[in-house]
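Before any comments, here is the structure.
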Amino acid sequence: MTILGDPITSEAKPRARRWLVRVLAVLAIFGPGLIAANAGNDAGGILTYASAGAQFGYRTLFLMMLVTVGLVVVQEMCSRLGVYTGKGLGGLLREQFSVRSSSLALLLLLIANAGLTVSEFAGVGAAFDIFGVSRYVSIPLAAVAVWTLTVLGTYSRAERLFLVLSLAFLTYPIAAFLGHPGARQVASNLLWPHFLHTHAFLVIAVALIGTTITPYMQFYVASAVVDKGVRPEKYPSERVDTVSGAIWSDVISIFIIIATAAAIGGTGPLQSAQEAAKALEPVVGSAAPTLFGIGLLGASLLAASVVPLSTSYAIADAIGRPRSTSDSFRQAPLFYGLFTLQIAVGAGIALAPGNLVALVVNAQVLNGIITPMLLTYVLILANRRSVLGTAVNGRTFRVVATVSVTVIGLLSLLVLFQTVTGR
Amino acid sequence: MKRRRHKRDTRSEDASIGRASTLSAWRDRFAVRHALAAGELISLANLVGRPLVDSAGNRVGRINDVVVRWESGTAHPPVVGVVVKIGMGLARLAAAEITLTQSGVRRRSEGITAVVAARQANEVALARDVLDHQLVDVTGVQVVRAADVYLVPRGAGWELAGIDVGLWALLRRILPKRRTCPTPDRALDWGDLQAFVPRFADEAPSDSAGPAAAAGLSGSSVQTAYPAARLHTLRAKDVADLLSGLDRNSQKQLAVLADASTVAEALSELEPDKLDALLAELDETDRAKLQGFLSGRAS
């Protein structure tokens, strides 16, 4: 089924301008939240949401509403664990579980995040594809640059530049309105499931879950609150930040799906970044591929250092080894060794011939399969009174969280089963 | 086999970062080798879960934890008891009542009369509070996690010798437990370590059958850690580095235990937000003392 918005005709232009004014007004109010949420969207997220929109139109929107509930619940638990224990998830896993269980959890995190690193470098490759640069040039160069800047400790300066580049994706909400998606259809898909009983739909559903409720974000949010020194008394306001951050990030994701669905919905799986860029045409016209390429590059590079760093941080914390970028290579060989390994493997796999967008989506499916396993650990931790004291999960919360984790787990089991049996 | 073991020892020696004097490192190594050869070293990671047998040799329970008395001025705290799991409940046996070996615990007297012990001051349950937790290696100036805890004989009983921080010591715990103590990988003497009291120990539920209660760790009074002998040798930069690697509860204890002027110097380098967060954790007296040093530095 093709779901296309009205083409922008000459009569539609004044209407478009009126929309633009309204959208800008909304952006002015919600800007700060949107910018923060936008920074959380990496190459994996953008290409997976775009892929969902291209392949299934608006059909995944209701799923995104459910995923938002899951994301809020999960992020809140992780942030609470960080604030109340003053420890990162890596350390908590080591202290609270047997060596066998905690090493399994960390291995899963390593695999999931290595998958994400692959997708960040694939994102770099796809972005440079738009500018006509071969991935065999761009990806190795990016890997060397990311590694060098991080190890030299100057990555934070470069990050600001990448953040600015990734702001290109703030055009998505505008594009979603200007693309004339058909308000009724969007609303109906947001509020009521229009799922398809096909393997492809299930796979994209797990990819959407994997890229939204990603294991990386769980570890990241916990160590971020510890690093900020947030104390239990300050938790109520921190919770507002965490919850609103989660909602905002999904608002952006939903806009990406709507904008892409309106532009190229129903045309089948996304083949390239150029195709995804069509979603931005209502805003910038023929400059859409360039804008998309710039945004994708920024988002990919923003995450290409942080994702492997946070894995190395969690594992070094669990093992009890130095884990700071202010340490030298000699002082923290495990930390830097793991970081280097992930960059090398990530960039290496992204260089393999094939469709980069499909590679990115597959990496998110992998995350989607690993997410429920790691969530089980998080859930057990947040249910333990000996860990959280009075801040332990309440009964209602426990039910909601358990149901979320179980549903996600069943979906990923189903995908695994169908993939293995080939049905 | 022997050759391999030797190789591993050399490697771990190279890997051990820090400023420990070579002489004392060699002496410790020799003592550990000697104890190992005589079968006189117990690995806690391999002890937990091993059987408790009565004097007739019947298996009556499993070892859950080993309790040591933590006192100021003792480099190696003595083992004062073990926590055992009998049926569904936990019980505590005094060190004098038992014979402790790597393969398990034998109770000397007839029958099992042990009851759940009430809290006793200055005691630490090693599996619960030390194994896998963060400690500060004061000599090597690094934050470590205990991958194993070793006990050595002292007189008729046992004492806490030190911990292992080696990667191999951690990974071997994935394998089935052994009846003999494995060769230490990267052992650190307890005298070089600063340990911390876990945070929720004082807020644990008053479940009298819980491990916390049996190990003497629940209750209203908050236990405080003792400063390690060489803690005062740390410089401000060392303290700052260590603080950045510790969890919040241990940060707070290190800030209280270390030399106040050194801590103040280390803290003055912190970002204001983090400094406030850390100060807010402290008791009023400790905070006032540190703030005094901090304002002294500022003026």
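Residue numbers start at 1 in each chain; chains themselves are named A, B, ... in the order of the structure tokens; ligands are numbered from 1 in the order shown.
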- Where does DSSP see alpha helix (DSSP H) in region 30-143 of chain B, if you list the residues as a list of chain:residue names?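 Selection result, alpha helix (DSSP H) within region 30-143 of chain B: B:Phe30, B:Ala31, B:Val32, B:Arg33, B:His34, B:Ala35, B:Leu36, B:Ala37, B:Leu44, B:Ala45, B:Asn46, B:Leu47, B:Leu126, B:Ala127, B:Arg128, B:Asp129.
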With 6 Å as the limit and counting only C-alpha atoms, what residues in chain A lie close to chain B? Please list them as a compact mmCIF listing (two decimals) with N, CA and C atoms, in the first residue's frame.
# COMPACT_ATOMS: atom_id res chain seq x y z
N GLY A 86 24.96 5.12 43.40
CA GLY A 86 26.19 5.85 43.10
C GLY A 86 27.18 5.00 42.31
N LYS A 87 26.66 3.96 41.65
CA LYS A 87 27.52 3.05 40.89
C LYS A 87 27.00 2.91 39.47
N GLU A 95 28.97 -6.75 41.38
CA GLU A 95 28.76 -6.92 42.81
C GLU A 95 27.52 -7.74 43.12
N ARG A 100 29.74 -15.80 36.73
CA ARG A 100 29.20 -16.37 35.48
C ARG A 100 28.13 -15.49 34.89
N GLY A 229 27.04 13.27 39.69
CA GLY A 229 26.96 13.35 41.15
C GLY A 229 25.55 13.61 41.66
N GLY A 320 37.47 -4.02 37.49
CA GLY A 320 38.24 -3.28 38.48
C GLY A 320 39.56 -2.80 37.91
N SER A 386 17.84 -4.85 48.69
CA SER A 386 19.20 -4.70 49.22
C SER A 386 20.05 -3.78 48.35
- Taking the chain letters and numbering used in this document, name the residues of region 116-149 of chain B that DSSP puts in strand (DSSP E), as a PyMOL selection string. chain B and resi 123-125+134-137+142-145+148-149
- What is the CA of Ala261 (chain A)-CA of Leu190 (chain A) distance in Å, reported with one decimal?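 Between CA of Ala261 (chain A) and CA of Leu190 (chain A) the gap works out to 13.2 Å.
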- Message: So that I can check the surroundings of Gly44 (chain A), please list as a ChimeraX atom specification every protein, DNA and RNA residue that reaches within 10 Å of it, counting only C-alpha atoms and ignoring chain neighbours fewer than 3 positions away.
- Response: /A:41,47-50,115-123,207-208,210-212,296,299-300,303,357,359-364
- Query: Which polymer residues have any atom within 12 Å of an atom of Ile247 (chain A), counting only C-alpha atoms, with same-chain residues fewer than 5 positions away left out, as a PyMOL selection string?
  - Reply: chain A and resi 33-34+36-38+40+64-73+75-76+212-213+240-242+252-254
If we count only C-alpha atoms and set the cut-off at 12 Å, which residues sit around Val400 (chain A), ignoring sequence neighbours fewer than 2 positions away in its own chain? Please answer as a PDB file with N, CA and C atoms, in the first residue's frame.
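Result went into result_2.pdb, see below:
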ATOM      1  N   LEU A  66       4.117   2.181  22.079  1.00  0.00           N
ATOM      2  CA  LEU A  66       4.385   1.163  23.107  1.00  0.00           C
ATOM      3  C   LEU A  66       5.855   1.188  23.517  1.00  0.00           C
ATOM      4  N   VAL A  69       6.661   3.789  26.031  1.00  0.00           N
ATOM      5  CA  VAL A  69       6.358   3.392  27.413  1.00  0.00           C
ATOM      6  C   VAL A  69       7.513   2.542  27.959  1.00  0.00           C
ATOM      7  N   GLY A  70       7.938   1.565  27.161  1.00  0.00           N
ATOM      8  CA  GLY A  70       9.053   0.698  27.574  1.00  0.00           C
ATOM      9  C   GLY A  70      10.309   1.509  27.840  1.00  0.00           C
ATOM     10  N   LEU A  71      10.593   2.445  26.930  1.00  0.00           N
ATOM     11  CA  LEU A  71      11.818   3.245  27.065  1.00  0.00           C
ATOM     12  C   LEU A  71      11.784   4.070  28.354  1.00  0.00           C
ATOM     13  N   VAL A  72      10.634   4.687  28.619  1.00  0.00           N
ATOM     14  CA  VAL A  72      10.506   5.503  29.829  1.00  0.00           C
ATOM     15  C   VAL A  72      10.745   4.643  31.070  1.00  0.00           C
ATOM     16  N   VAL A  73      10.103   3.477  31.104  1.00  0.00           N
ATOM     17  CA  VAL A  73      10.229   2.585  32.257  1.00  0.00           C
ATOM     18  C   VAL A  73      11.693   2.167  32.456  1.00  0.00           C
ATOM     19  N   VAL A  74      12.332   1.777  31.362  1.00  0.00           N
ATOM     20  CA  VAL A  74      13.704   1.266  31.442  1.00  0.00           C
ATOM     21  C   VAL A  74      14.687   2.367  31.837  1.00  0.00           C
ATOM     22  N   MET A  77      14.404   3.293  35.445  1.00  0.00           N
ATOM     23  CA  MET A  77      15.028   2.303  36.348  1.00  0.00           C
ATOM     24  C   MET A  77      16.548   2.479  36.380  1.00  0.00           C
ATOM     25  N   LEU A 379      16.136  -5.297  35.605  1.00  0.00           N
ATOM     26  CA  LEU A 379      14.888  -5.486  36.344  1.00  0.00           C
ATOM     27  C   LEU A 379      15.160  -6.161  37.691  1.00  0.00           C
ATOM     28  N   ASN A 393      11.681  -0.942  43.124  1.00  0.00           N
ATOM     29  CA  ASN A 393      10.474  -0.925  42.293  1.00  0.00           C
ATOM     30  C   ASN A 393       9.227  -1.210  43.124  1.00  0.00           C
ATOM     31  N   GLY A 394       8.214  -0.381  42.972  1.00  0.00           N
ATOM     32  CA  GLY A 394       6.935  -0.644  43.624  1.00  0.00           C
ATOM     33  C   GLY A 394       6.194  -1.748  42.880  1.00  0.00           C
ATOM     34  N   ARG A 395       5.052  -2.166  43.417  1.00  0.00           N
ATOM     35  CA  ARG A 395       4.351  -3.297  42.825  1.00  0.00           C
ATOM     36  C   ARG A 395       3.873  -2.998  41.404  1.00  0.00           C
ATOM     37  N   THR A 396       3.213  -1.847  41.222  1.00  0.00           N
ATOM     38  CA  THR A 396       2.686  -1.493  39.901  1.00  0.00           C
ATOM     39  C   THR A 396       3.824  -1.379  38.895  1.00  0.00           C
ATOM     40  N   PHE A 397       4.865  -0.678  39.315  1.00  0.00           N
ATOM     41  CA  PHE A 397       6.007  -0.472  38.429  1.00  0.00           C
ATOM     42  C   PHE A 397       6.608  -1.816  38.034  1.00  0.00           C
ATOM     43  N   ARG A 398       6.674  -2.704  39.030  1.00  0.00           N
ATOM     44  CA  ARG A 398       7.264  -4.013  38.790  1.00  0.00           C
ATOM     45  C   ARG A 398       6.463  -4.768  37.729  1.00  0.00           C
ATOM     46  N   THR A 402       7.951  -5.696  34.181  1.00  0.00           N
ATOM     47  CA  THR A 402       8.053  -7.117  33.847  1.00  0.00           C
ATOM     48  C   THR A 402       7.323  -7.417  32.539  1.00  0.00           C
ATOM     49  N   VAL A 403       6.126  -6.819  32.394  1.00  0.00           N
ATOM     50  CA  VAL A 403       5.368  -7.040  31.157  1.00  0.00           C
ATOM     51  C   VAL A 403       6.158  -6.504  29.960  1.00  0.00           C
ATOM     52  N   SER A 404       6.727  -5.291  30.095  1.00  0.00           N
ATOM     53  CA  SER A 404       7.500  -4.710  28.984  1.00  0.00           C
ATOM     54  C   SER A 404       8.637  -5.638  28.582  1.00  0.00           C
ATOM     55  N   VAL A 405       9.401  -6.077  29.598  1.00  0.00           N
ATOM     56  CA  VAL A 405      10.571  -6.912  29.304  1.00  0.00           C
ATOM     57  C   VAL A 405      10.130  -8.241  28.677  1.00  0.00           C
ATOM     58  N   THR A 406       9.040  -8.810  29.204  1.00  0.00           N
ATOM     59  CA  THR A 406       8.582 -10.096  28.680  1.00  0.00           C
ATOM     60  C   THR A 406       8.137  -9.969  27.227  1.00  0.00           C
ATOM     61  N   VAL A 407       7.360  -8.909  26.928  1.00  0.00           N
ATOM     62  CA  VAL A 407       6.871  -8.741  25.557  1.00  0.00           C
ATOM     63  C   VAL A 407       8.054  -8.573  24.600  1.00  0.00           C
TER      64      VAL A 407
END
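Residues surrounding Asp129 (chain A) within 10 Å are Gly123, Val124, Gly125, Val133, Ser134, Arg135, Ser138, Ser272, Ala273, Gln274, Gly293 and Leu356 of chain A [only C-alpha atoms; sequence separation below 4 positions excluded].
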- Item | Residue nearest Ala228 (chain B) among B:Ala95, B:Glu159, B:Asp259, B:Cys181 (counting only C-alpha atoms) | B:Asp259
- Point-to-point distance from CA of Gly87 (chain B) to CA of Arg62 (chain B), Å rounded to tenths: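 Between these atoms lies a distance of 9.0 Å.
Proximity to Gly285 (chain A) was assessed for A:Val99, A:Phe62, A:Ala175, A:Val146 counting only C-alpha atoms; the smallest distance is recorded for A:Ala175.
Summary of the local environment: counting only C-alpha atoms, residues at most 9 Å from Ala240 (chain B), other than itself and those fewer than 2 positions away along its chain, are Arg235, Ala236, Lys237, Asp238, Leu242, Leu243, Ser244, Gly245, Val263, Glu265, Ala266, Leu267, Glu269 and Leu270 of chain B.
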- Message: I'd like the interatomic distance between CA of Ala127 (chain B) and CA of Val68 (chain B), to a tenth of an Å.
- Response: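 Distance reported for this atom pair: 10.7 Å.
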